[in-house]
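*Asks:* My questions all concern the structure below.
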Amino acid sequence: MDLEGIDSTVVRNTVSPHIFHVDLSKHAEMVKAVCVAYNDWVYDFCSADPNRLFPEAMLPCFDMDTALKEMERNAKRGFKSTCLPGSTATGTPLSDPFWDKLFSCMEEAGWPLFIHPGFDQQVDSITAFLLSANKMKGSSADAYTSIYLAHNFLLDNIVTLGEITLGGMLDKHPKLNVAFIESGSTWQGEAIYRLDKQFHVPFVGSQVDGFHQGREVKAKTPPSELLRRQIYFMFEGGDRSQTKEGVERMADNLVWCSDTPHYDGDGPWEGGGCLRHVLKVDQKAERKIMGGNAAKILN
């Protein structure tokens with residue numbers, strides 16, 4: 001961190017989505033114990049410099065009472081957030097009332113929710129589609145494998161963005177900040193544009209097929225307004241499709257994220273260097289993206 005000029009960081013366990021894939025009929029108590037043990041370990045790890053290292057909790061969300069107790073325990077110790085794999089891989093979409101108690105507690109504690117999609121074909125997700133048996137047997141197996149490595153987080157997050165906006169989750173929890181990680185930001189423009197269309201002019205289907213009969217959009221607020229109010233995306237300097245105008249327009253909703261220590265993580269020179277020397281954005285926007293917005297949502 002000193003070498004790269006990073007002042008502070010969230011220590012995140014992105015392997016945590018795998019706890020949603022365990023056979024809970026056999027191993028529920030083990031998963032609970034793993035969450036407690038991990039949280040104790042990461043708390044000790046971050047205690048080496050608590051002014052710069054901030055731990056993120058791993059919660060056994062399949063048992064909401066236990067998850068709430070574990071969240072309360074760790075909030076008192078200075079934990080700042082938690083991470084979920086999104087609406088495609090948690091088993092229960094995030095707009096479902098199942099999550100309401102947890103998200104209400106997170107609002108009260110000032111915790112943001114980070115979305116890091118899963119990567120296990122054993123659950124019903126984009127990964128399961130891309131790595132399904134019929135895809136792996138065909139002539140394009142190599143292509144589907146590469147798409148999985150390149151795009152599964154992006155595709156999962158597109159689905160989750162639609163589900164938490166049109167599904168009503170963010171209307172129920174207006175003070176819950178949600179941040180999509182490891183998937184960049186430029187995709188959000190087209191996605192939000194199309195979600196807004198569905199909000200304002202929902203497709204009703206034909207009278208014959210009856211497919212959409214009784215299916216109404218639960219959202220009360222246009223997705224674009226929800227975005228401005230409480231949705232954040234990661235700024236990745238290596239994405240050369242970004243423009244000065246676009247980045248400055250989204251400056252209140254972008255957070256630089258290095259993805260360190262992944263082998264393909266963009267370093268801070270990709271973030272600050274792109275903002276300052278390639279895009280030449282306004283310094284106020286740069287300060288928000290390179291730290292101000294993270295400080296805001298992490299309290």
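Residue names in the structure tokens use chain letters A, B, ... in the order shown, residue numbers from 1 in each chain, and ligand numbers from 1 in the order shown.
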Restrict the calculation to only C-alpha atoms, then for each residue of range 36-147 of chain A with any atom at most 10 Å from an atom of range 155-179 of chain A give the closest atom pair and their distance in Å to one decimal, rows by chain and rising residue number, as CSV.

*Replies:*
```
residue,atom,partner,partner_atom,distance
A:Cys83,CA,A:Ala179,CA,9.4
A:Pro85,CA,A:Asp156,CA,8.8
A:Gly86,CA,A:Thr160,CA,5.7
A:Ser87,CA,A:Thr160,CA,5.0
A:Thr88,CA,A:Asp156,CA,6.5
A:Ala89,CA,A:Asp156,CA,8.5
A:Pro93,CA,A:Glu163,CA,7.4
A:Leu94,CA,A:Ile164,CA,6.4
A:Ser95,CA,A:Met169,CA,4.3
A:Asp96,CA,A:Met169,CA,7.6
A:Pro97,CA,A:Met169,CA,8.7
A:Trp99,CA,A:Met169,CA,9.1
A:Asp100,CA,A:Lys172,CA,8.1
A:Phe103,CA,A:His173,CA,6.9
A:Ser104,CA,A:His173,CA,6.7
A:Cys105,CA,A:Leu176,CA,9.5
A:Met106,CA,A:Leu176,CA,6.9
A:Glu107,CA,A:Leu176,CA,5.1
A:Glu108,CA,A:Lys175,CA,8.4
A:Ala109,CA,A:Leu176,CA,9.8
A:Gly110,CA,A:Leu176,CA,7.6
A:Trp111,CA,A:Leu176,CA,7.4
A:Pro112,CA,A:Asn177,CA,4.8
A:Leu113,CA,A:Val178,CA,4.8
A:Phe114,CA,A:Ala179,CA,4.8
A:Ile115,CA,A:Ala179,CA,6.1
A:His116,CA,A:Asn157,CA,8.1
A:Pro117,CA,A:Asp156,CA,6.2
A:Gly118,CA,A:Asp156,CA,8.4
A:Phe119,CA,A:Asp156,CA,9.8
A:Ser125,CA,A:Asp156,CA,7.2
A:Ile126,CA,A:Asp156,CA,5.9
A:Thr127,CA,A:Asp156,CA,8.3
A:Ile147,CA,A:Leu155,CA,9.9
```

*Asks:* With N, CA and C atoms retained, export the selected residues as a compact mmCIF listing (two decimals), in the first residue's frame.

*Replies:*
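Just written: part.txt:
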```
# COMPACT_ATOMS: atom_id res chain seq x y z
N CYS A 83 -20.56 -8.55 1.92
CA CYS A 83 -20.54 -8.80 0.48
C CYS A 83 -21.44 -9.99 0.17
N PRO A 85 -23.20 -12.44 -3.27
CA PRO A 85 -22.99 -12.74 -4.68
C PRO A 85 -24.10 -12.27 -5.61
N GLY A 86 -25.09 -11.57 -5.10
CA GLY A 86 -26.10 -10.99 -5.98
C GLY A 86 -27.34 -11.85 -6.13
N SER A 87 -28.26 -11.35 -6.94
CA SER A 87 -29.58 -11.98 -7.06
C SER A 87 -29.54 -13.30 -7.81
N THR A 88 -28.49 -13.57 -8.54
CA THR A 88 -28.45 -14.81 -9.32
C THR A 88 -27.89 -15.99 -8.54
N ALA A 89 -27.06 -15.73 -7.53
CA ALA A 89 -26.33 -16.82 -6.89
C ALA A 89 -26.62 -17.00 -5.40
N PRO A 93 -33.56 -14.11 -4.51
CA PRO A 93 -33.30 -12.77 -5.06
C PRO A 93 -33.29 -11.71 -3.96
N LEU A 94 -32.49 -10.67 -4.15
CA LEU A 94 -32.28 -9.69 -3.09
C LEU A 94 -33.49 -8.81 -2.81
N SER A 95 -34.48 -8.79 -3.70
CA SER A 95 -35.71 -8.04 -3.43
C SER A 95 -36.70 -8.85 -2.59
N ASP A 96 -36.42 -10.11 -2.37
CA ASP A 96 -37.32 -10.95 -1.59
C ASP A 96 -37.37 -10.49 -0.14
N PRO A 97 -38.54 -10.54 0.50
CA PRO A 97 -38.65 -10.12 1.91
C PRO A 97 -37.71 -10.86 2.86
N TRP A 99 -34.65 -10.92 2.88
CA TRP A 99 -33.48 -10.11 3.17
C TRP A 99 -33.80 -8.83 3.95
N ASP A 100 -35.06 -8.53 4.15
CA ASP A 100 -35.42 -7.21 4.66
C ASP A 100 -34.81 -6.90 6.03
N PHE A 103 -31.03 -6.06 5.55
CA PHE A 103 -30.79 -4.79 4.88
C PHE A 103 -31.22 -3.61 5.74
N SER A 104 -32.27 -3.78 6.54
CA SER A 104 -32.67 -2.71 7.45
C SER A 104 -31.61 -2.47 8.51
N CYS A 105 -31.03 -3.54 9.03
CA CYS A 105 -29.95 -3.41 10.01
C CYS A 105 -28.72 -2.76 9.39
N MET A 106 -28.43 -3.09 8.15
CA MET A 106 -27.30 -2.49 7.46
C MET A 106 -27.53 -1.00 7.25
N GLU A 107 -28.75 -0.61 6.92
CA GLU A 107 -29.07 0.82 6.80
C GLU A 107 -28.80 1.54 8.12
N GLU A 108 -29.26 0.93 9.21
CA GLU A 108 -29.11 1.55 10.52
C GLU A 108 -27.64 1.67 10.91
N ALA A 109 -26.85 0.65 10.55
CA ALA A 109 -25.42 0.66 10.91
C ALA A 109 -24.58 1.47 9.94
N GLY A 110 -25.15 1.86 8.80
CA GLY A 110 -24.38 2.58 7.79
C GLY A 110 -23.48 1.69 6.97
N TRP A 111 -23.81 0.40 6.90
CA TRP A 111 -23.02 -0.53 6.09
C TRP A 111 -23.51 -0.51 4.65
N PRO A 112 -22.62 -0.39 3.67
CA PRO A 112 -23.02 -0.62 2.29
C PRO A 112 -23.02 -2.12 1.99
N LEU A 113 -23.71 -2.49 0.93
CA LEU A 113 -23.71 -3.86 0.44
C LEU A 113 -22.87 -3.93 -0.83
N PHE A 114 -21.82 -4.73 -0.81
CA PHE A 114 -21.01 -4.94 -2.01
C PHE A 114 -21.48 -6.21 -2.71
N ILE A 115 -21.60 -6.14 -4.03
CA ILE A 115 -22.04 -7.28 -4.83
C ILE A 115 -20.85 -7.84 -5.59
N HIS A 116 -20.47 -9.07 -5.23
CA HIS A 116 -19.39 -9.79 -5.93
C HIS A 116 -19.97 -11.11 -6.40
N PRO A 117 -20.31 -11.25 -7.68
CA PRO A 117 -20.99 -12.45 -8.15
C PRO A 117 -20.23 -13.73 -7.84
N GLY A 118 -20.99 -14.82 -7.79
CA GLY A 118 -20.38 -16.12 -7.56
C GLY A 118 -19.72 -16.66 -8.80
N PHE A 119 -19.04 -17.79 -8.65
CA PHE A 119 -18.35 -18.37 -9.80
C PHE A 119 -18.37 -19.90 -9.68
N SER A 125 -27.05 -19.63 -12.02
CA SER A 125 -26.45 -18.33 -12.29
C SER A 125 -25.95 -18.29 -13.73
N ILE A 126 -25.38 -17.14 -14.11
CA ILE A 126 -24.78 -17.02 -15.44
C ILE A 126 -23.65 -18.03 -15.61
N THR A 127 -22.89 -18.25 -14.53
CA THR A 127 -21.81 -19.24 -14.60
C THR A 127 -22.35 -20.62 -14.95
N ILE A 147 -15.56 -16.65 -22.13
CA ILE A 147 -16.61 -15.70 -21.76
C ILE A 147 -16.84 -15.74 -20.26
```

*Asks:* Hey, which of A:Asp259, A:Asp120, A:Glu70, A:Asp196 ends up closest to Met58 in chain A? Count only C-alpha atoms.

*Replies:*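 Distance minimum relative to Met58 in chain A lands on A:Glu70.
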
*Asks:* If we count only C-alpha atoms and set the cut-off at 8 Å, which residues sit around Thr66 in chain A, ignoring sequence neighbours fewer than 5 positions away in its own chain? Please answer as a list in words.

*Replies:*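 Skipping anything fewer than 5 positions along the chain leaves Lys32, Pro60 and Cys61 of chain A.
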
*Asks:* Could you check the closest approach to Glu4 in chain A for each of A:Trp269, A:Ser25, A:Val281, A:Gln121 and tell me which residue wins, using only C-alpha atoms?

*Replies:* A:Trp269

*Asks:* Residues near range 44-47 of chain A, anyone? I mean within 10 Å using only C-alpha atoms, not counting same-chain ones fewer than 6 positions away, as a ChimeraX atom specification.

*Replies:* /A:9-11,38,53-55,79

*Asks:* Given the choices A:Asn74, A:Asn134, A:Ser183, A:Thr243, which gets closest to Leu59 in chain A if the distance is worked out from only C-alpha atoms?

*Replies:*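 Checking each of A:Asn74, A:Asn134, A:Ser183, A:Thr243 against Leu59 in chain A, counting only C-alpha atoms, the winner is A:Asn74.
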
*Asks:* Extract the full set of helix (DSSP H, G or I) residues from range 24-157 of chain A according to DSSP on the backbone, and format it as a ChimeraX atom specification.

*Replies:* /A:24-46,64-75,97-109,126-130,133-137,141-157

*Asks:* Can you tell me which residues surround Lys284 in chain A at a distance of at most 12 Å, considering only C-alpha atoms, apart from same-chain residues fewer than 3 positions away, and format the answer as a ChimeraX atom specification?

*Replies:* /A:247-249,251-252,275-276,280-281,287-293

*Asks:* Using only C-alpha atoms, which residue out of A:Met64, A:Val42, A:Leu24, A:Ile6 lies closest to Gly272 in chain A?

*Replies:* A:Ile6

*Asks:* Kindly indicate which residue among A:Pro50, A:Val36, A:Gly91, A:Lys220 lies nearest to Met71 in chain A, using only C-alpha atoms for the distances.

*Replies:*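 Among the listed residues, A:Val36 lies closest to Met71 in chain A.
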
*Asks:* Identify which of the residues A:Gly189, A:Gly78, A:Gly265, A:Gly5 lies closest to Phe233 in chain A, counting only C-alpha atoms when measuring atom-to-atom distances.

*Replies:*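 Closest candidate: A:Gly189.
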
*Asks:* One number please: CA of Leu254 in chain A to CA of Ala294 in chain A, in Å, one decimal.

*Replies:*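 Interatomic distance, CA of Leu254 in chain A to CA of Ala294 in chain A: 8.7 Å.
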